[in-house]
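Text of the file input_0.tsv, holding TSV, C-alpha atoms and all ligand atoms:
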```tsv
chain	number	residue	atom	x	y	z
H	1187	MET	CA	27.43	10.53	26.72
H	1188	LYS	CA	28.54	7.52	24.70
H	1189	LEU	CA	25.06	6.40	23.73
H	1190	VAL	CA	24.26	9.81	22.23
H	1191	LYS	CA	27.56	9.89	20.34
H	1192	ASP	CA	26.89	6.44	18.91
H	1193	LEU	CA	23.41	7.45	17.81
H	1194	LEU	CA	24.77	10.53	16.09
H	1195	LYS	CA	27.28	8.33	14.26
H	1196	GLY	CA	24.37	6.34	12.85
H	1197	ASN	CA	24.49	3.33	15.14
H	1198	LYS	CA	21.09	1.60	15.04
H	1199	VAL	CA	21.71	-0.33	18.26
H	1200	ALA	CA	22.26	2.95	20.09
H	1201	LEU	CA	19.06	4.32	18.53
H	1202	ALA	CA	17.10	1.28	19.73
H	1203	ARG	CA	18.52	1.57	23.25
H	1204	ILE	CA	17.72	5.27	23.45
H	1205	ILE	CA	14.14	4.62	22.29
H	1206	THR	CA	13.73	2.01	25.02
H	1207	LYS	CA	14.93	4.54	27.58
H	1208	ILE	CA	12.45	7.08	26.24
H	1209	GLU	CA	9.66	4.53	26.55
H	1210	ASN	CA	10.70	3.80	30.13
H	1211	ASN	CA	10.78	7.47	30.99
H	1212	GLU	CA	14.51	7.57	31.87
H	1213	SER	CA	15.49	10.02	29.24
H	1214	ILE	CA	15.18	13.73	30.07
H	1215	SER	CA	18.94	14.38	29.97
H	1216	LEU	CA	19.34	12.22	26.85
H	1217	LEU	CA	16.60	14.10	25.02
H	1218	SER	CA	18.06	17.37	26.06
H	1219	LYS	CA	21.39	16.33	24.49
H	1220	LEU	CA	19.74	15.08	21.30
H	1221	PHE	CA	17.67	18.20	20.84
H	1222	ALA	CA	20.46	20.25	19.26
H	1223	TYR	CA	20.68	17.75	16.40
H	1224	THR	CA	17.00	17.75	15.49
H	1225	GLY	CA	14.76	19.67	13.13
H	1226	LYS	CA	15.92	18.26	9.82
H	1227	SER	CA	13.54	15.35	9.30
H	1228	TYR	CA	10.26	15.69	7.44
H	1229	TYR	CA	7.32	14.25	9.41
H	1230	ILE	CA	4.59	12.33	7.58
H	1231	GLY	CA	1.52	11.13	9.50
H	1232	ILE	CA	-0.57	8.25	8.15
H	1233	THR	CA	-3.86	7.95	9.96
H	1234	GLY	CA	-7.28	6.35	9.47
H	1235	PRO	CA	-9.51	3.58	10.80
H	1236	PRO	CA	-8.16	0.09	11.61
H	1237	GLY	CA	-7.87	-2.14	8.55
H	1238	ALA	CA	-7.89	0.73	6.03
H	1239	GLY	CA	-4.52	-0.42	4.69
H	1240	LYS	CA	-2.26	2.09	6.45
H	1241	SER	CA	0.56	-0.36	7.12
H	1242	THR	CA	0.40	-1.73	3.59
H	1243	LEU	CA	0.61	1.82	2.26
H	1244	VAL	CA	3.50	2.69	4.56
H	1245	ASP	CA	5.35	-0.37	3.27
H	1246	ARG	CA	4.87	0.73	-0.36
H	1247	LEU	CA	5.55	4.41	0.20
H	1248	VAL	CA	8.69	3.75	2.21
H	1249	ASN	CA	10.01	1.33	-0.41
H	1250	ARG	CA	9.73	4.14	-2.96
H	1251	LEU	CA	11.54	6.57	-0.70
H	1252	LEU	CA	14.28	3.99	-0.11
H	1253	ASP	CA	14.74	3.73	-3.87
H	1254	LYS	CA	15.54	7.43	-3.73
H	1255	LYS	CA	18.25	6.65	-1.15
H	1256	LYS	CA	16.39	8.30	1.71
H	1257	LYS	CA	16.70	7.32	5.36
H	1258	ILE	CA	13.36	6.64	7.03
H	1259	GLY	CA	12.17	6.02	10.56
H	1260	ILE	CA	8.76	4.39	10.97
H	1261	LEU	CA	6.69	4.58	14.14
H	1262	ALA	CA	3.55	2.47	14.34
H	1263	VAL	CA	1.46	3.62	17.28
H	1264	ASP	CA	-1.40	1.47	18.43
H	1265	PRO	CA	-3.33	2.57	21.46
H	1266	THR	CA	-6.25	0.18	20.97
H	1267	SER	CA	-5.25	-2.43	23.47
H	1268	PRO	CA	-6.06	-5.12	24.54
H	1269	PHE	CA	-5.85	-6.09	20.87
H	1270	SER	CA	-2.73	-4.10	20.11
H	1271	GLY	CA	-0.48	-7.14	20.29
H	1272	GLY	CA	-2.34	-8.56	17.30
H	1273	ALA	CA	-2.48	-5.30	15.37
H	1274	LEU	CA	1.23	-4.70	15.81
H	1275	LEU	CA	1.98	-8.21	14.65
H	1276	GLY	CA	-0.11	-7.34	11.59
H	1277	ASP	CA	1.99	-4.23	11.05
H	1278	ARG	CA	5.16	-6.34	11.14
H	1279	ILE	CA	3.81	-8.67	8.49
H	1280	ARG	CA	2.51	-5.82	6.33
H	1281	MET	CA	5.86	-4.06	6.50
H	1282	SER	CA	7.94	-7.21	6.20
H	1283	SER	CA	9.50	-6.14	2.91
H	1284	LEU	CA	11.23	-3.38	4.86
H	1285	ALA	CA	12.57	-5.43	7.76
H	1286	THR	CA	15.91	-6.29	6.22
H	1287	LYS	CA	16.57	-3.04	4.38
H	1288	GLN	CA	19.41	-0.72	5.25
H	1289	GLY	CA	17.98	2.77	5.34
H	1290	VAL	CA	14.94	2.07	7.48
H	1291	PHE	CA	14.21	1.61	11.16
H	1292	ILE	CA	10.79	0.42	12.38
H	1293	ARG	CA	9.45	0.78	15.90
H	1294	SER	CA	6.01	-0.29	17.10
H	1295	MET	CA	4.48	1.18	20.20
H	1296	ALA	CA	1.47	-0.02	22.15
H	1297	THR	CA	0.10	1.09	25.46
H	1298	ARG	CA	-1.74	-1.93	26.83
H	1299	GLY	CA	-4.52	0.07	28.33
H	1300	SER	CA	-3.01	3.26	29.62
H	1301	LEU	CA	-3.09	6.21	27.28
H	1302	GLY	CA	-1.22	8.52	29.62
H	1303	GLY	CA	1.82	10.01	27.99
H	1304	LEU	CA	1.56	8.08	24.74
H	1305	ALA	CA	1.46	11.19	22.60
H	1306	GLU	CA	4.43	12.74	24.40
H	1307	THR	CA	6.45	9.50	24.23
H	1308	THR	CA	5.76	9.26	20.50
H	1309	LYS	CA	7.03	12.79	20.00
H	1310	ASP	CA	10.19	12.03	21.96
H	1311	VAL	CA	10.86	8.86	19.98
H	1312	ALA	CA	10.40	10.88	16.78
H	1313	LEU	CA	12.96	13.31	18.15
H	1314	ALA	CA	15.47	10.46	18.50
H	1315	PHE	CA	14.81	9.48	14.85
H	1316	ASP	CA	15.33	13.09	13.88
H	1317	ALA	CA	18.69	13.32	15.65
H	1318	PHE	CA	19.70	10.02	14.04
H	1319	GLY	CA	19.42	11.80	10.69
H	1320	MET	CA	16.26	10.33	9.17
H	1321	ASP	CA	15.15	12.18	6.04
H	1322	TYR	CA	11.56	11.15	6.71
H	1323	ILE	CA	9.75	10.07	9.85
H	1324	VAL	CA	6.55	8.19	9.08
H	1325	ILE	CA	4.09	7.85	11.96
H	1326	GLU	CA	1.18	5.44	11.59
H	1327	THR	CA	-1.73	5.96	13.99
H	1328	ILE	CA	-5.35	4.93	14.14
H	1329	GLY	CA	-7.34	8.10	13.59
H	1330	VAL	CA	-10.04	7.64	16.15
H	1331	GLY	CA	-9.22	9.49	19.37
H	1332	GLN	CA	-7.67	12.64	20.77
H	1333	VAL	CA	-4.28	11.01	21.36
H	1334	GLU	CA	-3.97	10.14	17.68
H	1335	LEU	CA	-5.09	13.56	16.55
H	1336	ASP	CA	-2.54	15.02	18.90
H	1337	ILE	CA	0.21	12.88	17.36
H	1338	ALA	CA	-0.94	13.92	13.90
H	1339	GLY	CA	-0.40	17.47	15.13
H	1340	ILE	CA	3.38	17.03	15.02
H	1341	CYS	CA	3.37	15.96	11.37
H	1342	ASP	CA	4.23	18.25	8.49
H	1343	THR	CA	2.01	16.32	6.09
H	1344	THR	CA	-0.93	14.32	7.40
H	1345	VAL	CA	-2.33	11.64	5.11
H	1346	VAL	CA	-5.78	10.30	6.01
H	1347	VAL	CA	-6.58	6.82	4.69
H	1348	LEU	CA	-10.20	5.77	4.20
H	1349	VAL	CA	-11.85	2.84	2.45
H	1350	PRO	CA	-15.00	2.71	0.34
H	1351	GLU	CA	-17.37	1.42	2.95
H	1352	SER	CA	-20.70	2.95	3.72
H	1353	GLY	CA	-20.46	5.56	6.41
H	1354	ASP	CA	-16.67	5.76	6.45
H	1355	SER	CA	-16.56	9.35	5.23
H	1356	ILE	CA	-19.16	10.43	7.79
H	1357	GLN	CA	-17.17	8.73	10.55
H	1358	ALA	CA	-14.02	10.43	9.38
H	1359	MET	CA	-15.70	13.78	9.48
H	1360	LYS	CA	-17.06	13.16	12.98
H	1361	ALA	CA	-13.66	12.07	14.26
H	1362	GLY	CA	-12.14	15.34	13.03
H	1363	LEU	CA	-10.03	13.55	10.42
H	1364	LEU	CA	-11.11	15.74	7.53
H	1365	GLU	CA	-9.93	18.81	9.41
H	1366	ILE	CA	-6.42	17.50	9.97
H	1367	ALA	CA	-5.98	15.93	6.51
H	1368	ASP	CA	-3.56	17.42	4.01
H	1369	ILE	CA	-4.10	14.52	1.63
H	1370	ILE	CA	-6.89	11.94	1.59
H	1371	LEU	CA	-6.40	8.47	0.17
H	1372	VAL	CA	-9.38	6.34	-0.73
H	1373	ASN	CA	-7.59	3.01	-0.48
H	1374	LYS	CA	-8.94	-0.38	-1.61
H	1375	ALA	CA	-10.14	1.30	-4.79
H	1376	ASP	CA	-10.40	-2.22	-6.22
H	1377	ARG	CA	-13.58	-2.48	-4.18
H	1378	GLU	CA	-17.00	-1.24	-5.14
H	1379	GLY	CA	-17.95	2.32	-4.28
H	1380	ALA	CA	-14.54	3.99	-4.45
H	1381	GLU	CA	-15.57	6.55	-7.06
H	1382	ARG	CA	-18.75	7.38	-5.20
H	1383	MET	CA	-16.74	7.93	-2.07
H	1384	VAL	CA	-14.35	10.33	-3.78
H	1385	THR	CA	-17.34	12.39	-4.94
H	1386	GLU	CA	-18.88	12.27	-1.45
H	1387	LEU	CA	-15.63	13.45	0.16
H	1388	LYS	CA	-15.24	16.29	-2.31
H	1389	PHE	CA	-18.73	17.43	-1.42
H	1390	MET	CA	-17.96	17.27	2.30
H	1391	LEU	CA	-14.81	19.31	1.86
H	1392	GLU	CA	-16.87	22.04	0.25
H	1393	LEU	CA	-18.87	22.21	3.46
H	1394	ARG	CA	-15.92	22.55	5.79
H	1395	ALA	CA	-16.05	25.53	8.08
H	1396	VAL	CA	-12.39	26.42	7.76
H	1397	LYS	CA	-11.23	26.83	4.19
H	1398	LYS	CA	-7.57	26.17	3.66
H	1399	THR	CA	-5.43	27.65	0.93
H	1400	TRP	CA	-3.93	24.22	0.22
H	1401	GLU	CA	-6.71	22.56	-1.80
H	1402	TYR	CA	-5.91	19.08	-0.81
H	1403	PRO	CA	-6.30	16.24	-3.18
H	1404	ILE	CA	-8.23	13.02	-2.84
H	1405	ILE	CA	-6.37	10.12	-4.42
H	1406	SER	CA	-7.63	6.60	-5.12
H	1407	THR	CA	-5.09	3.92	-4.24
H	1408	ILE	CA	-4.81	0.15	-4.26
H	1409	ALA	CA	-1.94	-0.45	-1.87
H	1410	THR	CA	-1.82	-4.19	-2.46
H	1411	GLN	CA	-1.33	-3.61	-6.21
H	1412	ASP	CA	1.04	-0.67	-5.83
H	1413	LYS	CA	-1.47	1.67	-7.51
H	1414	GLY	CA	-1.46	5.37	-6.67
H	1415	ILE	CA	1.77	5.14	-4.70
H	1416	ASP	CA	3.90	7.31	-7.00
H	1417	GLU	CA	1.12	9.88	-7.18
H	1418	THR	CA	0.90	9.95	-3.37
H	1419	ILE	CA	4.64	10.51	-3.07
H	1420	SER	CA	4.58	13.35	-5.57
H	1421	ILE	CA	1.62	15.02	-3.81
H	1422	ILE	CA	3.47	14.77	-0.48
H	1423	GLU	CA	6.40	16.50	-2.15
H	1424	SER	CA	4.09	19.21	-3.53
H	1425	HIS	CA	2.63	19.74	-0.09
H	1426	LYS	CA	6.11	20.07	1.38
H	1427	GLU	CA	6.91	22.65	-1.29
H	1428	TYR	CA	3.65	24.49	-0.59
H	1429	LEU	CA	4.38	24.61	3.16
H	1430	LYS	CA	7.83	26.07	2.55
H	1431	GLN	CA	6.60	28.65	0.02
H	1432	SER	CA	3.64	29.83	2.09
H	1433	GLY	CA	5.55	30.13	5.36
H	1434	ASP	CA	3.25	27.53	6.95
H	1435	PHE	CA	6.17	25.19	7.50
H	1436	GLU	CA	7.83	27.57	9.89
H	1437	ALA	CA	4.55	28.63	11.49
H	1438	LYS	CA	3.50	25.02	12.13
H	1439	ARG	CA	6.83	24.13	13.67
H	1440	LYS	CA	6.74	27.16	15.94
H	1441	GLU	CA	3.23	26.23	17.01
H	1442	ARG	CA	4.53	22.76	17.85
H	1443	ILE	CA	7.35	24.19	19.95
H	1444	LYS	CA	4.85	26.27	21.89
H	1445	PHE	CA	2.67	23.23	22.47
H	1446	ARG	CA	5.59	21.11	23.65
H	1447	ILE	CA	6.93	23.74	26.03
H	1448	ARG	CA	3.48	23.94	27.60
H	1449	ALA	CA	3.25	20.16	27.88
H	1450	LEU	CA	6.70	19.94	29.50
H	1451	ILE	CA	5.87	22.68	32.00
H	1452	GLU	CA	2.60	21.00	32.91
H	1453	LYS	CA	4.41	17.72	33.44
H	1454	ARG	CA	6.97	19.35	35.76
H	1455	ILE	CA	4.37	21.26	37.75
H	1456	ARG	CA	2.34	18.11	38.24
H	1457	ALA	CA	5.47	16.30	39.40
H	1458	SER	CA	6.41	19.02	41.89
H	1459	ILE	CA	2.92	19.14	43.31
H	1460	GLU	CA	3.00	15.40	43.82
H	1461	LYS	CA	6.40	15.58	45.44
H	1462	MET	CA	5.17	18.34	47.71
H	1463	THR	CA	2.00	16.66	48.86
H	1464	LEU	CA	2.83	12.98	48.94
H	1465	GLY	CA	3.67	11.68	52.40
H	1466	GLU	CA	4.41	15.12	53.76
H	1467	LYS	CA	3.80	15.48	57.46
H	1468	GLU	CA	4.10	19.20	56.93
H	1469	PHE	CA	1.26	19.15	54.51
H	1470	ASP	CA	-0.96	17.57	57.15
H	1471	LYS	CA	0.08	20.25	59.62
H	1472	LEU	CA	-0.89	22.86	57.07
H	1473	VAL	CA	-4.29	21.25	56.54
H	1474	GLU	CA	-4.79	21.24	60.30
H	1475	LYS	CA	-4.12	24.97	60.48
H	1476	VAL	CA	-6.46	25.76	57.64
H	1477	TYR	CA	-9.10	23.61	59.29
H	1478	LYS	CA	-8.78	25.67	62.47
H	1479	LYS	CA	-8.93	28.86	60.41
H	1480	GLU	CA	-5.46	29.85	61.58
H	1481	LEU	CA	-4.39	30.06	57.94
H	1482	ASN	CA	-6.20	31.18	54.81
H	1483	LEU	CA	-6.72	28.54	52.12
H	1484	TYR	CA	-6.42	30.92	49.17
H	1485	GLU	CA	-3.37	32.77	50.42
H	1486	ILE	CA	-1.58	29.49	50.96
H	1487	ALA	CA	-2.31	28.34	47.43
H	1488	ASP	CA	-0.93	31.63	46.08
H	1489	ASP	CA	2.11	31.35	48.26
H	1490	ILE	CA	2.83	27.78	47.25
H	1491	MET	CA	2.53	28.63	43.56
H	1492	LYS	CA	5.08	31.41	44.03
H	1493	ASN	CA	7.47	29.03	45.75
H	1494	LEU	CA	6.91	26.01	43.55
H	1495	GLY	CA	10.15	24.10	43.22
H	1496	GLY	CA	11.49	25.69	46.41
H	1497	ARG	CA	11.00	24.61	50.01
H	1498	TYR	CA	7.79	24.67	51.96
H	1499	GLY	CA	9.20	24.34	55.44
H	1500	ARG	CA	7.83	27.52	56.84
H	1501	TYR	CA	4.39	26.17	57.63
R	1601	LIG	N1	-8.48	-5.29	-1.52
R	1601	LIG	C1	-7.55	-4.54	-0.95
R	1601	LIG	N2	-7.03	-4.91	0.24
R	1601	LIG	C2	-6.07	-4.14	0.80
R	1601	LIG	C3	-5.61	-2.95	0.16
R	1601	LIG	N3	-4.69	-2.37	0.97
R	1601	LIG	C4	-4.56	-3.17	2.06
R	1601	LIG	N4	-5.40	-4.24	1.96
R	1601	LIG	C5	-5.58	-5.33	2.94
R	1601	LIG	O1	-6.28	-4.83	4.06
R	1601	LIG	C6	-5.88	-5.50	5.25
R	1601	LIG	C7	-5.50	-4.49	6.32
R	1601	LIG	O2	-4.31	-3.82	5.94
R	1601	LIG	P1	-3.35	-3.06	6.93
R	1601	LIG	O3	-2.29	-2.44	6.11
R	1601	LIG	O4	-2.91	-3.94	8.05
R	1601	LIG	O5	-4.35	-1.97	7.54
R	1601	LIG	P2	-4.13	-0.95	8.76
R	1601	LIG	O6	-4.83	-1.55	9.94
R	1601	LIG	O7	-4.80	0.30	8.32
R	1601	LIG	O8	-2.67	-0.80	8.98
R	1601	LIG	C8	-4.76	-6.42	4.85
R	1601	LIG	O9	-5.26	-7.72	4.69
R	1601	LIG	C9	-4.29	-5.85	3.52
R	1601	LIG	O10	-3.70	-6.82	2.69
R	1601	LIG	C10	-6.17	-2.59	-1.12
R	1601	LIG	O11	-5.84	-1.58	-1.73
R	1601	LIG	N5	-7.13	-3.43	-1.61
R	1602	MG	MG	-1.47	-0.96	10.73
```
Same coordinates, now as structure tokens:
Amino acid sequence: MKLVKDLLKGNKVALARIITKIENNESISLLSKLFAYTGKSYYIGITGPPGAGKSTLVDRLVNRLLDKKKKIGILAVDPTSPFSGGALLGDRIRMSSLATKQGVFIRSMATRGSLGGLAETTKDVALAFDAFGMDYIVIETIGVGQVELDIAGICDTTVVVLVPESGDSIQAMKAGLLEIADIILVNKADREGAERMVTELKFMLELRAVKKTWEYPIISTIATQDKGIDETISIIESHKEYLKQSGDFEAKRKERIKFRIRALIEKRIRASIEKMTLGEKEFDKLVEKVYKKELNLYEIADDIMKNLGGRYGRY
């Protein structure tokens, strides 16, 4: 397929077109072709409440990585419609220093109300970045709901961004953010209360139920003044090293594969059930027979499961 070949050659227009197809759900065969070329990118998740400075941080972090001649794909996911239009515009402005640079490709995704499939679409778009040959894929999400946590689940290193505001650390804990964090940034450290928050977070981490062997660091940053950016990059690199040494890198990726296979199977089964039931006169006939007790409800369900994907003409 020409589009796939062009993408593999590093053509950004082809990449953009493939992403659009993924978003429009016309892409199973494309993805299947791209799959062989994936697995080389390193996935970094940046998550946290709206306004914490995630986009500003992404802009700074990615600029540093570009200085090191890396290729980076950025995905900004915003499921909080109806305001997403505004938030995404904000992301554009915050990341404007990147817009014209060579080694970077930015894509924003919003859902305008429906959350269905967002997590899966995000993972597929990341796959296209991966096949394109990105060294890093940076995914910005708002860390508030299950969808975002699910997206964070595909990242090798998850960075949680918080700000020194009263209650923010408690909220983060409630939302499950402290459990998924590999690194915590207390951004806007130019504001009052940053030091107190670092202490508070350290205390909370002591209380966590599941102790991890990676003792993850809490770093104070001021994204707007470029403070703490180099340190963040070097901690991400240390985490990457740790994952590789400990075997967690491989284990996490295998876990992800398992999860994705399950999700794909579920999607197919749901589709075949819909195909089978929707507008089927035969299905009505079957219902009629069960109603008259000529057929057994449970046996039919078993039988259909066995034949899923086949034909159901015999009823
Ligand atoms: N004072 C201060 N403001 C910041 C800092 N980092 C980001 N901001 C500002 O916070 C606002 C929200 O930033 P943004 O990156 O869009 O947050 P996001 O919603 O988490 O992506 C913007 O006006 C930024 O300029 C910081 O370290 N200190
Ligand atoms: Mg943002």
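Residues surrounding H:Thr1224 within 9 Å are Leu1220, Leu1313, Ala1314, Phe1315, Asp1316, Ala1317, Phe1318 and Gly1319 of chain H [all atoms listed in the file; sequence separation below 4 positions excluded].
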Nearest residue to H:Pro1235 out of H:Ala1358, H:Leu1261, H:Leu1364, H:Leu1304, using all atoms listed in the file? H:Ala1358
Interatomic distance, atom CA of H:Ile1366 to atom CA of H:Glu1326 (Å, one decimal):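 Between these atoms lies a distance of 14.3 Å.
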Taking (22.0, 9.7, 16.2) in the file's coordinates, which residues come within 12 Å, counting all atoms listed in the file, written as a PDB file with C-alpha atoms, in the frame of the given file?
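New file selection.pdb:
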```pdb
ATOM      1  CA  MET H1187      27.430  10.530  26.720  1.00  0.00           C
ATOM      2  CA  LYS H1188      28.540   7.520  24.700  1.00  0.00           C
ATOM      3  CA  LEU H1189      25.060   6.400  23.730  1.00  0.00           C
ATOM      4  CA  VAL H1190      24.260   9.810  22.230  1.00  0.00           C
ATOM      5  CA  LYS H1191      27.560   9.890  20.340  1.00  0.00           C
ATOM      6  CA  ASP H1192      26.890   6.440  18.910  1.00  0.00           C
ATOM      7  CA  LEU H1193      23.410   7.450  17.810  1.00  0.00           C
ATOM      8  CA  LEU H1194      24.770  10.530  16.090  1.00  0.00           C
ATOM      9  CA  LYS H1195      27.280   8.330  14.260  1.00  0.00           C
ATOM     10  CA  GLY H1196      24.370   6.340  12.850  1.00  0.00           C
ATOM     11  CA  ASN H1197      24.490   3.330  15.140  1.00  0.00           C
ATOM     12  CA  LYS H1198      21.090   1.600  15.040  1.00  0.00           C
ATOM     13  CA  VAL H1199      21.710  -0.330  18.260  1.00  0.00           C
ATOM     14  CA  ALA H1200      22.260   2.950  20.090  1.00  0.00           C
ATOM     15  CA  LEU H1201      19.060   4.320  18.530  1.00  0.00           C
ATOM     16  CA  ALA H1202      17.100   1.280  19.730  1.00  0.00           C
ATOM     17  CA  ARG H1203      18.520   1.570  23.250  1.00  0.00           C
ATOM     18  CA  ILE H1204      17.720   5.270  23.450  1.00  0.00           C
ATOM     19  CA  ILE H1205      14.140   4.620  22.290  1.00  0.00           C
ATOM     20  CA  LEU H1216      19.340  12.220  26.850  1.00  0.00           C
ATOM     21  CA  LEU H1217      16.600  14.100  25.020  1.00  0.00           C
ATOM     22  CA  LYS H1219      21.390  16.330  24.490  1.00  0.00           C
ATOM     23  CA  LEU H1220      19.740  15.080  21.300  1.00  0.00           C
ATOM     24  CA  PHE H1221      17.670  18.200  20.840  1.00  0.00           C
ATOM     25  CA  ALA H1222      20.460  20.250  19.260  1.00  0.00           C
ATOM     26  CA  TYR H1223      20.680  17.750  16.400  1.00  0.00           C
ATOM     27  CA  THR H1224      17.000  17.750  15.490  1.00  0.00           C
ATOM     28  CA  GLY H1259      12.170   6.020  10.560  1.00  0.00           C
ATOM     29  CA  VAL H1311      10.860   8.860  19.980  1.00  0.00           C
ATOM     30  CA  ALA H1312      10.400  10.880  16.780  1.00  0.00           C
ATOM     31  CA  LEU H1313      12.960  13.310  18.150  1.00  0.00           C
ATOM     32  CA  ALA H1314      15.470  10.460  18.500  1.00  0.00           C
ATOM     33  CA  PHE H1315      14.810   9.480  14.850  1.00  0.00           C
ATOM     34  CA  ASP H1316      15.330  13.090  13.880  1.00  0.00           C
ATOM     35  CA  ALA H1317      18.690  13.320  15.650  1.00  0.00           C
ATOM     36  CA  PHE H1318      19.700  10.020  14.040  1.00  0.00           C
ATOM     37  CA  GLY H1319      19.420  11.800  10.690  1.00  0.00           C
ATOM     38  CA  MET H1320      16.260  10.330   9.170  1.00  0.00           C
TER      39      MET H1320
END
```
Test item: residues no farther than 10 Å from ligand LIG 1601 (chain R), counting all atoms listed in the file, as a PyMOL selection string: chain H and resi 1232-1245+1262+1264+1273-1281+1326-1329+1347-1349+1372-1377+1406-1414
Can you tell me which residues surround H:Asp1368 at a distance of at most 10 Å, considering all atoms listed in the file, apart from same-chain residues fewer than 4 positions away, and format the answer as a CSV table (one decimal) with C-alpha atoms, keeping the file's coordinate frame?
```csv
chain,number,residue,atom,x,y,z
H,1231,GLY,CA,1.5,11.1,9.5
H,1342,ASP,CA,4.2,18.2,8.5
H,1343,THR,CA,2.0,16.3,6.1
H,1344,THR,CA,-0.9,14.3,7.4
H,1345,VAL,CA,-2.3,11.6,5.1
H,1346,VAL,CA,-5.8,10.3,6.0
H,1363,LEU,CA,-10.0,13.6,10.4
H,1364,LEU,CA,-11.1,15.7,7.5
H,1398,LYS,CA,-7.6,26.2,3.7
H,1400,TRP,CA,-3.9,24.2,0.2
H,1401,GLU,CA,-6.7,22.6,-1.8
H,1402,TYR,CA,-5.9,19.1,-0.8
H,1403,PRO,CA,-6.3,16.2,-3.2
H,1404,ILE,CA,-8.2,13.0,-2.8
H,1421,ILE,CA,1.6,15.0,-3.8
H,1422,ILE,CA,3.5,14.8,-0.5
H,1425,HIS,CA,2.6,19.7,-0.1
```
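Restricting the calculation to all atoms listed in the file, the smallest distance between H:Ser1227 and any of H:Ala1285, H:Ile1323, H:Ile1486, H:Leu1252 is found for H:Ile1323.
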Can you measure atom CA of H:Tyr1322 to atom CA of H:Leu1391 for me? One decimal in Å is fine.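 These two atoms are separated by 28.0 Å.
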Up to 12 Å from (-15.8, 17.5, 16.0) in the file's coordinates: name the residues, counting only C-alpha atoms, as a PyMOL selection string. chain H and resi 1330-1332+1335+1356-1366+1394-1395
Given all atoms listed in the file as the counted atoms, nearest of H:Asp1321, H:Glu1441, H:Asp1310, H:Asp1253 to H:Gly1339: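 Answer, going by the shortest atom-to-atom distance: H:Glu1441.
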Can you work out the spacing between atom CA of H:Pro1350 and atom CA of H:Gly1379 in Å, to one decimal? 5.5 Å
Rank H:Ile1325, H:Leu1284, H:Lys1255, H:Glu1474 by their smallest atom-to-atom distance to ligand MG 1602 (chain R), using all atoms listed in the file, and report the top residue only. H:Ile1325
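Ranking H:Leu1481, H:Ala1305, H:Ile1230, H:Met1491 by their shortest atom-to-atom distance to H:Asp1336, with all atoms listed in the file included, puts H:Ala1305 first.
Among the candidates H:Glu1417, H:Ala1296, H:Glu1392, H:Leu1371, the one nearest to ligand MG 1602 (chain R) when counting all atoms listed in the file is H:Ala1296.
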